[in-house]
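This is start-v5.csv. It holds CSV, C-alpha atoms and all ligand atoms.
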```csv
chain,number,residue,atom,x,y,z
L,1162,THR,CA,-16.8,-244.1,2.8
L,1163,GLU,CA,-13.1,-244.3,3.6
L,1164,GLN,CA,-11.9,-245.0,0.1
L,1165,PRO,CA,-13.8,-242.6,-2.2
L,1166,LEU,CA,-15.3,-243.9,-5.4
L,1167,VAL,CA,-14.3,-241.4,-8.1
L,1168,LEU,CA,-15.1,-241.1,-11.8
L,1169,GLY,CA,-12.5,-239.2,-13.9
L,1170,ILE,CA,-13.0,-237.7,-17.3
L,1171,GLU,CA,-10.2,-236.8,-19.7
L,1172,THR,CA,-10.8,-234.9,-23.0
L,1173,SER,CA,-7.7,-232.7,-23.3
L,1174,CYS,CA,-6.6,-234.1,-26.7
L,1175,ASP,CA,-7.9,-236.9,-28.9
L,1176,GLU,CA,-8.7,-239.6,-26.3
L,1177,THR,CA,-12.1,-239.6,-24.5
L,1178,GLY,CA,-11.1,-241.3,-21.3
L,1179,VAL,CA,-13.4,-242.3,-18.4
L,1180,GLY,CA,-11.8,-244.0,-15.4
L,1181,ILE,CA,-13.2,-245.1,-12.1
L,1182,VAL,CA,-11.1,-245.7,-9.0
L,1183,ARG,CA,-11.8,-246.6,-5.4
L,1184,GLY,CA,-9.2,-244.7,-3.5
L,1185,THR,CA,-5.9,-246.1,-4.9
L,1186,ASP,CA,-7.5,-249.1,-6.6
L,1187,LEU,CA,-8.2,-248.9,-10.3
L,1188,LEU,CA,-11.6,-250.3,-11.2
L,1189,VAL,CA,-11.8,-249.5,-14.9
L,1190,ASP,CA,-10.1,-247.4,-17.6
L,1191,ALA,CA,-12.4,-247.0,-20.5
L,1192,ILE,CA,-11.2,-245.1,-23.6
L,1193,ALA,CA,-12.4,-244.1,-27.0
L,1194,SER,CA,-9.8,-242.6,-29.3
L,1195,SER,CA,-10.3,-240.4,-32.4
L,1196,VAL,CA,-6.6,-241.0,-33.4
L,1197,ASP,CA,-7.6,-242.8,-36.6
L,1198,GLU,CA,-9.7,-239.9,-37.7
L,1199,HIS,CA,-6.7,-237.6,-37.4
L,1200,ALA,CA,-4.2,-239.8,-39.1
L,1201,ARG,CA,-5.0,-238.7,-42.6
L,1202,PHE,CA,-4.3,-235.1,-41.5
L,1203,GLY,CA,-0.9,-236.1,-40.0
L,1204,GLY,CA,-1.8,-234.5,-36.7
L,1205,VAL,CA,-4.7,-233.9,-34.2
L,1206,VAL,CA,-7.4,-231.6,-35.7
L,1207,PRO,CA,-9.1,-229.7,-32.8
L,1208,GLU,CA,-12.5,-229.5,-34.4
L,1209,VAL,CA,-12.5,-233.2,-35.2
L,1210,ALA,CA,-11.5,-234.0,-31.6
L,1211,SER,CA,-14.3,-232.0,-30.0
L,1212,ARG,CA,-16.9,-233.6,-32.1
L,1213,ALA,CA,-15.5,-237.1,-31.4
L,1214,HIS,CA,-15.6,-236.4,-27.6
L,1215,LEU,CA,-19.2,-235.3,-27.8
L,1216,GLU,CA,-20.2,-238.5,-29.6
L,1217,ALA,CA,-18.1,-240.8,-27.3
L,1218,MET,CA,-18.8,-239.2,-23.9
L,1219,VAL,CA,-22.0,-240.8,-22.8
L,1220,PRO,CA,-21.3,-244.3,-24.3
L,1221,THR,CA,-17.8,-244.3,-22.6
L,1222,ILE,CA,-19.3,-243.2,-19.2
L,1223,GLU,CA,-21.9,-246.0,-19.5
L,1224,ARG,CA,-19.3,-248.6,-20.5
L,1225,ALA,CA,-17.0,-247.6,-17.6
L,1226,CYS,CA,-19.8,-248.0,-15.1
L,1227,ARG,CA,-20.9,-251.3,-16.5
L,1228,GLU,CA,-17.4,-252.7,-16.6
L,1229,ALA,CA,-16.6,-251.5,-13.1
L,1230,GLY,CA,-20.0,-252.8,-11.8
L,1231,VAL,CA,-20.9,-249.5,-10.3
L,1232,ALA,CA,-24.0,-247.3,-10.6
L,1233,LEU,CA,-23.6,-243.5,-11.1
L,1234,SER,CA,-25.4,-243.1,-7.8
L,1235,ASP,CA,-22.6,-245.0,-6.0
L,1236,LEU,CA,-20.0,-242.3,-6.9
L,1237,ASP,CA,-18.5,-240.0,-4.2
L,1238,GLY,CA,-16.9,-237.5,-6.6
L,1239,ILE,CA,-16.3,-236.5,-10.2
L,1240,ALA,CA,-12.9,-235.3,-11.4
L,1241,VAL,CA,-12.2,-233.8,-14.8
L,1242,THR,CA,-9.2,-232.4,-16.7
L,1243,ALA,CA,-9.7,-228.6,-16.6
L,1244,GLY,CA,-6.5,-227.9,-18.6
L,1245,PRO,CA,-4.1,-227.6,-20.3
L,1246,GLY,CA,-5.3,-228.9,-23.7
L,1247,LEU,CA,-7.4,-228.1,-26.7
L,1248,ALA,CA,-10.1,-225.6,-25.6
L,1249,GLY,CA,-13.1,-227.1,-27.4
L,1250,ALA,CA,-12.1,-230.6,-26.4
L,1251,LEU,CA,-11.6,-229.7,-22.7
L,1252,MET,CA,-15.0,-228.0,-22.7
L,1253,VAL,CA,-16.8,-231.2,-23.6
L,1254,GLY,CA,-15.3,-233.0,-20.6
L,1255,VAL,CA,-15.8,-230.1,-18.2
L,1256,ALA,CA,-19.5,-229.7,-19.2
L,1257,SER,CA,-20.1,-233.4,-18.8
L,1258,ALA,CA,-18.4,-233.5,-15.4
L,1259,LYS,CA,-20.4,-230.5,-14.1
L,1260,ALA,CA,-23.7,-232.1,-15.2
L,1261,LEU,CA,-22.8,-235.4,-13.4
L,1262,SER,CA,-21.7,-233.5,-10.3
L,1263,VAL,CA,-24.9,-231.5,-10.1
L,1264,ALA,CA,-27.2,-234.4,-11.0
L,1265,LEU,CA,-25.6,-236.7,-8.4
L,1266,GLY,CA,-25.0,-234.1,-5.8
L,1267,VAL,CA,-21.3,-235.0,-5.4
L,1268,PRO,CA,-18.3,-232.7,-5.4
L,1269,LEU,CA,-16.5,-231.7,-8.6
L,1270,TYR,CA,-12.7,-231.6,-8.9
L,1271,GLY,CA,-11.1,-229.8,-11.9
L,1272,VAL,CA,-7.6,-231.2,-12.2
L,1273,ASN,CA,-4.4,-230.3,-14.1
L,1274,HIS,CA,-3.6,-232.7,-16.9
L,1275,LEU,CA,0.1,-232.8,-16.1
L,1276,ALA,CA,-0.5,-233.5,-12.4
L,1277,SER,CA,-2.9,-236.4,-13.3
L,1278,HIS,CA,-0.2,-238.0,-15.5
L,1279,VAL,CA,1.8,-238.2,-12.3
L,1280,ALA,CA,-1.1,-239.3,-10.1
L,1281,VAL,CA,-1.9,-242.3,-12.3
L,1282,ASP,CA,1.2,-244.0,-10.9
L,1283,ILE,CA,-0.5,-244.3,-7.5
L,1284,VAL,CA,-3.0,-246.8,-8.9
L,1285,GLU,CA,-0.1,-248.7,-10.5
L,1286,HIS,CA,2.7,-248.7,-7.8
L,1287,GLY,CA,1.0,-247.4,-4.7
L,1288,PRO,CA,1.7,-244.1,-2.8
L,1289,LEU,CA,4.1,-241.7,-4.4
L,1290,PRO,CA,7.3,-241.0,-2.5
L,1291,GLU,CA,7.3,-237.4,-1.4
L,1292,PRO,CA,9.0,-235.7,-3.0
L,1293,THR,CA,9.0,-237.3,-6.5
L,1294,MET,CA,10.6,-236.0,-9.7
L,1295,ALA,CA,8.2,-236.5,-12.6
L,1296,MET,CA,9.2,-236.4,-16.3
L,1297,LEU,CA,6.2,-236.0,-18.5
L,1298,VAL,CA,7.0,-236.7,-22.2
L,1299,SER,CA,4.1,-236.7,-24.6
L,1300,GLY,CA,2.9,-235.3,-27.9
L,1301,GLY,CA,2.0,-232.0,-26.2
L,1302,HIS,CA,4.5,-231.8,-23.3
L,1303,SER,CA,8.0,-232.4,-22.2
L,1304,SER,CA,8.4,-231.3,-18.6
L,1305,LEU,CA,10.4,-232.0,-15.5
L,1306,LEU,CA,8.2,-231.5,-12.4
L,1307,LEU,CA,9.2,-231.4,-8.8
L,1308,VAL,CA,6.3,-233.0,-7.0
L,1309,PRO,CA,6.3,-232.5,-3.2
L,1310,ASP,CA,2.7,-233.8,-3.0
L,1311,VAL,CA,0.7,-234.6,-6.1
L,1312,THR,CA,-2.3,-232.5,-4.9
L,1313,HIS,CA,-0.3,-229.4,-4.0
L,1314,ASP,CA,2.6,-227.1,-5.0
L,1315,ILE,CA,3.9,-229.0,-8.1
L,1316,ARG,CA,6.8,-227.0,-9.5
L,1317,SER,CA,7.9,-227.1,-13.1
L,1318,LEU,CA,11.7,-227.1,-13.3
L,1319,GLY,CA,11.8,-226.9,-17.0
L,1320,SER,CA,10.0,-227.8,-20.2
L,1321,THR,CA,10.5,-227.8,-24.0
L,1322,ILE,CA,11.2,-224.5,-25.5
L,1323,ASP,CA,10.0,-225.7,-28.9
L,1324,ASP,CA,8.7,-229.1,-29.9
L,1325,ALA,CA,7.5,-231.7,-27.4
L,1326,ALA,CA,9.4,-235.0,-27.4
L,1327,GLY,CA,6.4,-236.9,-29.0
L,1328,GLU,CA,6.0,-234.2,-31.6
L,1329,ALA,CA,9.7,-234.7,-32.6
L,1330,PHE,CA,9.0,-238.5,-32.9
L,1331,ASP,CA,6.0,-237.8,-35.0
L,1332,LYS,CA,7.8,-235.3,-37.3
L,1333,VAL,CA,10.9,-237.5,-37.8
L,1334,ALA,CA,8.6,-240.5,-38.5
L,1335,ARG,CA,7.0,-238.5,-41.3
L,1336,VAL,CA,10.4,-237.6,-42.8
L,1337,LEU,CA,11.2,-241.3,-42.7
L,1338,GLY,CA,7.9,-242.2,-44.4
L,1339,LEU,CA,6.4,-243.9,-41.3
L,1340,PRO,CA,2.7,-243.5,-40.4
L,1341,PHE,CA,1.2,-241.1,-37.7
L,1342,PRO,CA,1.5,-241.2,-34.8
L,1343,GLY,CA,5.1,-242.0,-35.5
L,1344,GLY,CA,6.5,-242.7,-32.0
L,1345,PRO,CA,5.6,-246.4,-31.9
L,1346,HIS,CA,6.9,-246.9,-35.4
L,1347,ILE,CA,10.2,-245.3,-34.7
L,1348,ASP,CA,10.4,-247.5,-31.6
L,1349,ARG,CA,9.7,-250.6,-33.7
L,1350,VAL,CA,12.0,-250.0,-36.6
L,1351,SER,CA,14.8,-248.9,-34.3
L,1352,SER,CA,15.1,-252.4,-32.9
L,1353,ASP,CA,16.6,-253.5,-36.2
L,1354,GLY,CA,18.9,-250.5,-36.5
L,1355,GLN,CA,22.3,-249.4,-35.3
L,1356,ILE,CA,23.2,-246.1,-33.7
L,1357,THR,CA,25.4,-244.9,-36.5
L,1358,ILE,CA,24.7,-241.1,-36.6
L,1359,ASP,CA,25.6,-238.7,-33.9
L,1360,PHE,CA,22.6,-236.3,-33.9
L,1361,PRO,CA,22.7,-233.2,-31.7
L,1362,ARG,CA,21.7,-233.2,-28.1
L,1363,GLY,CA,19.7,-230.0,-27.6
L,1364,LEU,CA,20.4,-227.6,-24.7
L,1365,THR,CA,23.3,-229.6,-23.3
L,1366,SER,CA,26.2,-227.3,-24.0
L,1367,ARG,CA,27.8,-225.7,-21.0
L,1368,LYS,CA,26.2,-222.3,-21.8
L,1369,ASP,CA,22.8,-223.8,-22.3
L,1370,MET,CA,23.1,-225.8,-19.1
L,1371,GLU,CA,23.3,-222.4,-17.3
L,1372,ARG,CA,20.3,-220.8,-18.8
L,1373,HIS,CA,18.2,-223.9,-19.7
L,1374,ARG,CA,19.3,-226.5,-17.2
L,1375,PHE,CA,16.1,-228.5,-17.2
L,1376,ASP,CA,14.6,-227.3,-20.4
L,1377,PHE,CA,14.5,-229.3,-23.6
L,1378,SER,CA,14.7,-228.5,-27.3
L,1379,PHE,CA,13.9,-231.0,-30.0
L,1380,SER,CA,13.4,-228.8,-33.1
L,1381,GLY,CA,17.1,-228.6,-33.9
L,1382,LEU,CA,17.3,-232.4,-33.7
L,1383,LYS,CA,14.4,-232.7,-36.1
L,1384,THR,CA,16.0,-230.3,-38.5
L,1385,ALA,CA,19.3,-232.2,-38.3
L,1386,VAL,CA,17.6,-235.5,-39.2
L,1387,THR,CA,15.7,-233.9,-42.0
L,1388,ARG,CA,18.9,-232.4,-43.5
L,1389,TRP,CA,20.7,-235.7,-43.1
L,1390,VAL,CA,18.0,-237.5,-45.0
L,1391,GLU,CA,17.8,-234.9,-47.7
L,1392,ALA,CA,21.5,-235.0,-48.3
L,1393,GLU,CA,21.4,-238.8,-48.7
L,1394,GLN,CA,18.5,-238.5,-51.1
L,1395,ALA,CA,20.3,-235.8,-53.1
L,1396,ALA,CA,23.4,-238.1,-53.3
L,1397,GLY,CA,21.1,-240.8,-54.7
L,1398,ARG,CA,21.6,-243.2,-51.8
L,1399,ASP,CA,18.9,-245.3,-50.0
L,1400,ILE,CA,17.9,-244.1,-46.6
L,1401,PRO,CA,18.9,-246.5,-43.8
L,1402,VAL,CA,15.6,-245.9,-42.0
L,1403,ALA,CA,16.3,-248.2,-39.1
L,1404,ASP,CA,19.7,-246.6,-38.4
L,1405,VAL,CA,18.3,-243.1,-38.7
L,1406,ALA,CA,15.4,-243.9,-36.4
L,1407,ALA,CA,17.7,-245.6,-33.8
L,1408,SER,CA,20.2,-242.7,-33.9
L,1409,PHE,CA,17.4,-240.1,-33.5
L,1410,GLN,CA,15.8,-242.1,-30.7
L,1411,GLU,CA,19.1,-242.4,-28.9
L,1412,ALA,CA,19.6,-238.6,-29.0
L,1413,VAL,CA,16.1,-237.9,-27.5
L,1414,THR,CA,16.4,-240.5,-24.8
L,1415,ASP,CA,20.0,-239.5,-23.9
L,1416,VAL,CA,18.9,-235.9,-23.2
L,1417,LEU,CA,15.7,-236.8,-21.4
L,1418,THR,CA,17.3,-239.3,-19.0
L,1419,ARG,CA,20.4,-237.2,-18.5
L,1420,LYS,CA,18.5,-234.1,-17.4
L,1421,ALA,CA,16.0,-236.2,-15.4
L,1422,VAL,CA,18.7,-237.8,-13.3
L,1423,LEU,CA,20.5,-234.5,-12.9
L,1424,ALA,CA,17.3,-232.9,-11.6
L,1425,CYS,CA,16.9,-235.7,-9.1
L,1426,ARG,CA,20.5,-235.3,-7.9
L,1427,GLU,CA,20.4,-231.5,-7.6
L,1428,HIS,CA,17.0,-231.5,-5.8
L,1429,ASP,CA,17.8,-234.5,-3.6
L,1430,VAL,CA,14.9,-236.6,-4.9
L,1431,ALA,CA,15.2,-240.3,-4.7
L,1432,ALA,CA,12.3,-241.3,-7.0
L,1433,LEU,CA,11.7,-240.6,-10.7
L,1434,GLN,CA,8.3,-241.1,-12.3
L,1435,VAL,CA,8.1,-241.1,-16.1
L,1436,GLY,CA,4.7,-240.6,-17.8
L,1437,GLY,CA,3.1,-239.5,-21.1
L,1438,GLY,CA,3.0,-241.3,-24.4
L,1439,VAL,CA,6.7,-241.3,-25.1
L,1440,ALA,CA,7.2,-243.2,-21.8
L,1441,ALA,CA,6.0,-246.2,-23.8
L,1442,ASN,CA,9.3,-246.0,-25.7
L,1443,SER,CA,11.4,-249.1,-25.1
L,1444,ARG,CA,14.8,-247.4,-25.4
L,1445,LEU,CA,13.7,-244.6,-23.0
L,1446,ARG,CA,12.5,-247.2,-20.5
L,1447,GLU,CA,15.8,-249.1,-20.8
L,1448,MET,CA,18.1,-246.1,-20.5
L,1449,ALA,CA,16.1,-244.6,-17.6
L,1450,ARG,CA,16.3,-247.9,-15.8
L,1451,GLN,CA,20.1,-248.1,-16.3
L,1452,ARG,CA,20.8,-244.5,-15.4
L,1453,CYS,CA,18.5,-244.5,-12.3
L,1454,GLU,CA,20.0,-247.8,-11.1
L,1455,LYS,CA,23.4,-246.3,-11.3
L,1456,ALA,CA,22.4,-243.1,-9.5
L,1457,GLY,CA,20.4,-244.9,-6.8
L,1458,ILE,CA,17.1,-243.5,-7.9
L,1459,ALA,CA,13.9,-245.5,-7.7
L,1460,LEU,CA,12.2,-245.5,-11.2
L,1461,ARG,CA,8.5,-245.7,-11.6
L,1462,VAL,CA,7.0,-246.1,-15.1
L,1463,PRO,CA,3.3,-247.1,-15.3
L,1464,ARG,CA,2.2,-249.7,-17.9
L,1465,ARG,CA,1.9,-248.3,-21.4
L,1466,ASN,CA,-1.9,-247.7,-21.6
L,1467,LEU,CA,-1.7,-245.6,-18.3
L,1468,CYS,CA,1.2,-243.6,-19.7
L,1469,THR,CA,-0.9,-242.3,-22.6
L,1470,ASP,CA,-3.9,-240.0,-22.0
L,1471,ASN,CA,-6.7,-241.8,-20.1
L,1472,GLY,CA,-9.5,-241.2,-17.6
L,1473,ALA,CA,-8.0,-243.3,-14.8
L,1474,MET,CA,-5.3,-240.7,-14.2
L,1475,VAL,CA,-7.9,-238.1,-13.6
L,1476,ALA,CA,-9.9,-240.3,-11.3
L,1477,SER,CA,-6.7,-241.1,-9.4
L,1478,LEU,CA,-5.9,-237.5,-8.8
L,1479,GLY,CA,-9.5,-236.8,-7.8
L,1480,ALA,CA,-9.4,-239.5,-5.2
L,1481,GLN,CA,-6.1,-238.1,-3.8
L,1482,LEU,CA,-7.7,-234.6,-3.6
L,1483,MET,CA,-10.7,-236.2,-1.7
L,1484,LEU,CA,-8.4,-238.2,0.6
L,1485,LYS,CA,-6.3,-235.1,1.4
L,1486,GLY,CA,-9.4,-233.1,2.1
L,1487,ARG,CA,-8.8,-230.5,-0.6
L,1488,THR,CA,-11.5,-228.0,-1.5
L,1489,PRO,CA,-13.6,-229.1,-4.5
L,1490,SER,CA,-13.9,-226.8,-7.5
L,1491,ASP,CA,-16.7,-224.3,-7.9
L,1492,PRO,CA,-19.6,-225.4,-10.2
L,1493,SER,CA,-18.6,-222.6,-12.5
L,1494,LEU,CA,-15.2,-224.4,-13.2
L,1495,PRO,CA,-13.8,-223.1,-16.5
L,1496,ALA,CA,-11.9,-225.1,-19.1
L,1497,ASP,CA,-8.5,-223.4,-19.3
L,1498,SER,CA,-6.5,-224.4,-22.3
L,1499,SER,CA,-3.3,-223.0,-20.8
L,1500,LEU,CA,-3.8,-224.0,-17.1
L,1501,PRO,CA,-0.4,-223.8,-15.4
L,1502,VAL,CA,0.7,-226.8,-13.3
G,1,LIG,O1,0.4,-238.9,-23.9
G,1,LIG,P1,-0.1,-239.1,-25.4
G,1,LIG,O2,-0.9,-240.3,-25.7
G,1,LIG,O3,-0.9,-237.9,-25.9
G,1,LIG,C1,-0.5,-236.6,-25.7
G,1,LIG,O4,0.3,-236.1,-26.5
G,1,LIG,O5,-1.0,-236.0,-24.7
G,1,LIG,O6,1.3,-239.1,-26.2
G,1,LIG,C2,1.2,-239.3,-27.6
G,1,LIG,C3,2.7,-239.2,-28.2
G,1,LIG,C4,2.7,-239.2,-29.7
G,1,LIG,O7,3.6,-238.2,-30.1
G,1,LIG,C5,3.3,-240.6,-30.0
G,1,LIG,O8,4.1,-240.6,-31.1
G,1,LIG,C6,4.2,-240.8,-28.7
G,1,LIG,O9,3.4,-240.3,-27.7
G,1,LIG,N1,4.5,-242.2,-28.5
G,1,LIG,C7,5.7,-242.8,-28.6
G,1,LIG,C8,5.6,-244.1,-28.4
G,1,LIG,N2,4.3,-244.4,-28.2
G,1,LIG,C9,3.6,-243.2,-28.3
G,1,LIG,N3,6.9,-242.1,-28.8
G,1,LIG,C10,8.0,-242.9,-28.8
G,1,LIG,N4,8.0,-244.3,-28.6
G,1,LIG,C11,6.8,-244.9,-28.4
G,1,LIG,N5,6.8,-246.2,-28.2
G,2,ZN,ZN,-1.2,-236.2,-21.8
```
Starting from the coordinates I provided, produce the structure as structure tokens.
Amino acid sequence: TEQPLVLGIETSCDETGVGIVRGTDLLVDAIASSVDEHARFGGVVPEVASRAHLEAMVPTIERACREAGVALSDLDGIAVTAGPGLAGALMVGVASAKALSVALGVPLYGVNHLASHVAVDIVEHGPLPEPTMAMLVSGGHSSLLLVPDVTHDIRSLGSTIDDAAGEAFDKVARVLGLPFPGGPHIDRVSSDGQITIDFPRGLTSRKDMERHRFDFSFSGLKTAVTRWVEAEQAAGRDIPVADVAASFQEAVTDVLTRKAVLACREHDVAALQVGGGVAANSRLREMARQRCEKAGIALRVPRRNLCTDNGAMVASLGAQLMLKGRTPSDPSLPADSSLPV
């Protein structure tokens, strides 16, 4: 067929995602999340995630096929997240994908999780401009990627040197007494707040911009928020949660969008794609839109449920690999928790 029918499996963290695409058309994005099981621990527990993937895998594959109206025997290829991610969680997806590939006699494509966050934009907005700058901001990653071609030679320009952006949202939310995962709660309460506190912008000093031009750091910001809250509590004052949240959110989005636009300018790239769970943040979307417009950069942000981890992104990258004639993975494909982009 001209447009390959590809099933993609994602199990790098706490979402069991199964997506099916036909070329650049998204047919279905089925997801089962174990996030509620992790909430009482305040973070993702690897052992709990692996077990949840095992239980959810077959039902989620069946549901995806049913909703897309395709039979497994119609598939032209299987794609799976090979890394980076939680080792045990990745293994469940990789083993399932290998079994499907062998049983159906179709090629297997092990893909990089970061690259597939970029590739999902193709099913949303069509072919990616080449090159594209991608900013991936999630609970596990904060990276700026120079993407000449989503199937080939992606280069990381920088990434976080400590906490990921989403991790900072989650930790600050905890300090403010908001539930896990905290990002959406910070986003929500911030809309009633004022930006009243000037929290630090990590790695933006002149010296840091030489050594860590496109790197991020959020742990200093998290500490600054914690200290501020503790000082207020010690003084017996009520915490203005909405203002603290809005001020924190402003500091994160300021640094992210500033460095992303600078990366586009310096590398002569006219399109910025933003993905990962934090790309759901309303202030980040707004600030990115304003700054890109001013700089003449085309901004591409997929809808929220395609920004967070899902199977459609893996299927989309698998289809691109097939369309570009890339070599499939060996049936011995390993899960690699620290797979480089
Ligand atoms: O991509 P994702 O679903 O999973 C990985 O980490 O790979 O991202 C989850 C992260 C969490 O840290 C969550 O708090 C954050 O994305 N997040 C948000 C928002 N929605 C999700 N952060 C800020 N604002 C949001 N609206
Ligand atoms: Zn992710």
Exercise for the section: Could I get the residue neighbourhood of ligand LIG 1 (chain G) at 6 Å, counting all atoms listed in the file, as a list in words? Expected result: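 Using all atoms listed in the file, I find these residues within 6 Å of ligand LIG 1 (chain G): Ser1299, Gly1300, Gly1301, Gly1327, Glu1328, Phe1330, Asp1331, Pro1342, Gly1343, Gly1344, Pro1345, Asp1348, Gly1437, Gly1438, Val1439, Ala1441, Asn1442, Thr1469 and Asp1470 of chain L.
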Please write the residues from the selection above to a file, keeping C-alpha atoms, as a JSON list (two decimals), in the coordinates of the input.
```json
[["chain", "number", "residue", "atom", "x", "y", "z"],
["L", 1299, "SER", "CA", 4.10, -236.70, -24.60],
["L", 1300, "GLY", "CA", 2.90, -235.30, -27.90],
["L", 1301, "GLY", "CA", 2.00, -232.00, -26.20],
["L", 1327, "GLY", "CA", 6.40, -236.90, -29.00],
["L", 1328, "GLU", "CA", 6.00, -234.20, -31.60],
["L", 1330, "PHE", "CA", 9.00, -238.50, -32.90],
["L", 1331, "ASP", "CA", 6.00, -237.80, -35.00],
["L", 1342, "PRO", "CA", 1.50, -241.20, -34.80],
["L", 1343, "GLY", "CA", 5.10, -242.00, -35.50],
["L", 1344, "GLY", "CA", 6.50, -242.70, -32.00],
["L", 1345, "PRO", "CA", 5.60, -246.40, -31.90],
["L", 1348, "ASP", "CA", 10.40, -247.50, -31.60],
["L", 1437, "GLY", "CA", 3.10, -239.50, -21.10],
["L", 1438, "GLY", "CA", 3.00, -241.30, -24.40],
["L", 1439, "VAL", "CA", 6.70, -241.30, -25.10],
["L", 1441, "ALA", "CA", 6.00, -246.20, -23.80],
["L", 1442, "ASN", "CA", 9.30, -246.00, -25.70],
["L", 1469, "THR", "CA", -0.90, -242.30, -22.60],
["L", 1470, "ASP", "CA", -3.90, -240.00, -22.00]]
```
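Based on only C-alpha atoms and all ligand atoms, the protein and nucleic acid residues found within 10 Å of ligand ZN 2 (chain G) are, by chain and then by number, L:Glu1171, L:Thr1172, L:Ser1173, L:Cys1174, L:Asp1175, L:Glu1176, L:Pro1245, L:Gly1246, L:His1274, L:Leu1275, L:Ala1276, L:Ser1277, L:His1278, L:Leu1297, L:Val1298, L:Ser1299, L:Gly1300, L:Gly1301, L:His1302, L:Ser1303, L:Gly1436, L:Gly1437, L:Gly1438, L:Val1439, L:Cys1468, L:Thr1469, L:Asp1470, L:Asn1471, L:Met1474.
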Those same residues - C-alpha atoms - I'd like them written as a PDB file, in the coordinates of the input.
```pdb
ATOM      1  CA  GLU L1171     -10.200-236.800 -19.700  1.00  0.00           C
ATOM      2  CA  THR L1172     -10.800-234.900 -23.000  1.00  0.00           C
ATOM      3  CA  SER L1173      -7.700-232.700 -23.300  1.00  0.00           C
ATOM      4  CA  CYS L1174      -6.600-234.100 -26.700  1.00  0.00           C
ATOM      5  CA  ASP L1175      -7.900-236.900 -28.900  1.00  0.00           C
ATOM      6  CA  GLU L1176      -8.700-239.600 -26.300  1.00  0.00           C
ATOM      7  CA  PRO L1245      -4.100-227.600 -20.300  1.00  0.00           C
ATOM      8  CA  GLY L1246      -5.300-228.900 -23.700  1.00  0.00           C
ATOM      9  CA  HIS L1274      -3.600-232.700 -16.900  1.00  0.00           C
ATOM     10  CA  LEU L1275       0.100-232.800 -16.100  1.00  0.00           C
ATOM     11  CA  ALA L1276      -0.500-233.500 -12.400  1.00  0.00           C
ATOM     12  CA  SER L1277      -2.900-236.400 -13.300  1.00  0.00           C
ATOM     13  CA  HIS L1278      -0.200-238.000 -15.500  1.00  0.00           C
ATOM     14  CA  LEU L1297       6.200-236.000 -18.500  1.00  0.00           C
ATOM     15  CA  VAL L1298       7.000-236.700 -22.200  1.00  0.00           C
ATOM     16  CA  SER L1299       4.100-236.700 -24.600  1.00  0.00           C
ATOM     17  CA  GLY L1300       2.900-235.300 -27.900  1.00  0.00           C
ATOM     18  CA  GLY L1301       2.000-232.000 -26.200  1.00  0.00           C
ATOM     19  CA  HIS L1302       4.500-231.800 -23.300  1.00  0.00           C
ATOM     20  CA  SER L1303       8.000-232.400 -22.200  1.00  0.00           C
ATOM     21  CA  GLY L1436       4.700-240.600 -17.800  1.00  0.00           C
ATOM     22  CA  GLY L1437       3.100-239.500 -21.100  1.00  0.00           C
ATOM     23  CA  GLY L1438       3.000-241.300 -24.400  1.00  0.00           C
ATOM     24  CA  VAL L1439       6.700-241.300 -25.100  1.00  0.00           C
ATOM     25  CA  CYS L1468       1.200-243.600 -19.700  1.00  0.00           C
ATOM     26  CA  THR L1469      -0.900-242.300 -22.600  1.00  0.00           C
ATOM     27  CA  ASP L1470      -3.900-240.000 -22.000  1.00  0.00           C
ATOM     28  CA  ASN L1471      -6.700-241.800 -20.100  1.00  0.00           C
ATOM     29  CA  MET L1474      -5.300-240.700 -14.200  1.00  0.00           C
TER      30      MET L1474
END
```
Exercise for the section: Find the spatial neighbours of Ala1200 in chain L, counting only C-alpha atoms, within a cut-off of 10 Å - ignore same-chain residues fewer than 6 positions away - and output them as a ChimeraX atom specification. Expected result: /L:1206,1340-1342
Write the residues of the preceding selection, restricted to C-alpha atoms, as a PDB file, keeping the file's coordinate frame.
```
ATOM      1  CA  VAL L1206      -7.400-231.600 -35.700  1.00  0.00           C
ATOM      2  CA  PRO L1340       2.700-243.500 -40.400  1.00  0.00           C
ATOM      3  CA  PHE L1341       1.200-241.100 -37.700  1.00  0.00           C
ATOM      4  CA  PRO L1342       1.500-241.200 -34.800  1.00  0.00           C
TER       5      PRO L1342
END
```
Excluding Gly1169 in chain L and any residue of its chain fewer than 6 positions from it, enumerate the residues within 6 Å of it, using all atoms listed in the file, and give them as an mmCIF file with C-alpha atoms, keeping the file's coordinate frame.
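Final output, part.cif:
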```cif
data_model
loop_
_atom_site.group_PDB
_atom_site.id
_atom_site.type_symbol
_atom_site.label_atom_id
_atom_site.label_comp_id
_atom_site.auth_asym_id
_atom_site.auth_seq_id
_atom_site.Cartn_x
_atom_site.Cartn_y
_atom_site.Cartn_z
ATOM 1 C CA VAL L 1179 -13.400 -242.300 -18.400
ATOM 2 C CA GLY L 1180 -11.800 -244.000 -15.400
ATOM 3 C CA ILE L 1239 -16.300 -236.500 -10.200
ATOM 4 C CA ALA L 1240 -12.900 -235.300 -11.400
ATOM 5 C CA VAL L 1241 -12.200 -233.800 -14.800
ATOM 6 C CA GLY L 1472 -9.500 -241.200 -17.600
ATOM 7 C CA VAL L 1475 -7.900 -238.100 -13.600
ATOM 8 C CA ALA L 1476 -9.900 -240.300 -11.300
#
```
Exercise for the section: Point out the residue among L:Ala1396, L:Val1502, L:Ile1181, L:Leu1467 with the least atom-to-atom distance to Val1281 in chain L, counting all atoms listed in the file. Expected result: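 Nearest to Val1281 in chain L: L:Leu1467.
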Problem - Residue nearest Val1219 in chain L among L:Val1386, L:Leu1261, L:Val1284, L:Val1311 (counting all atoms listed in the file) - result: L:Leu1261
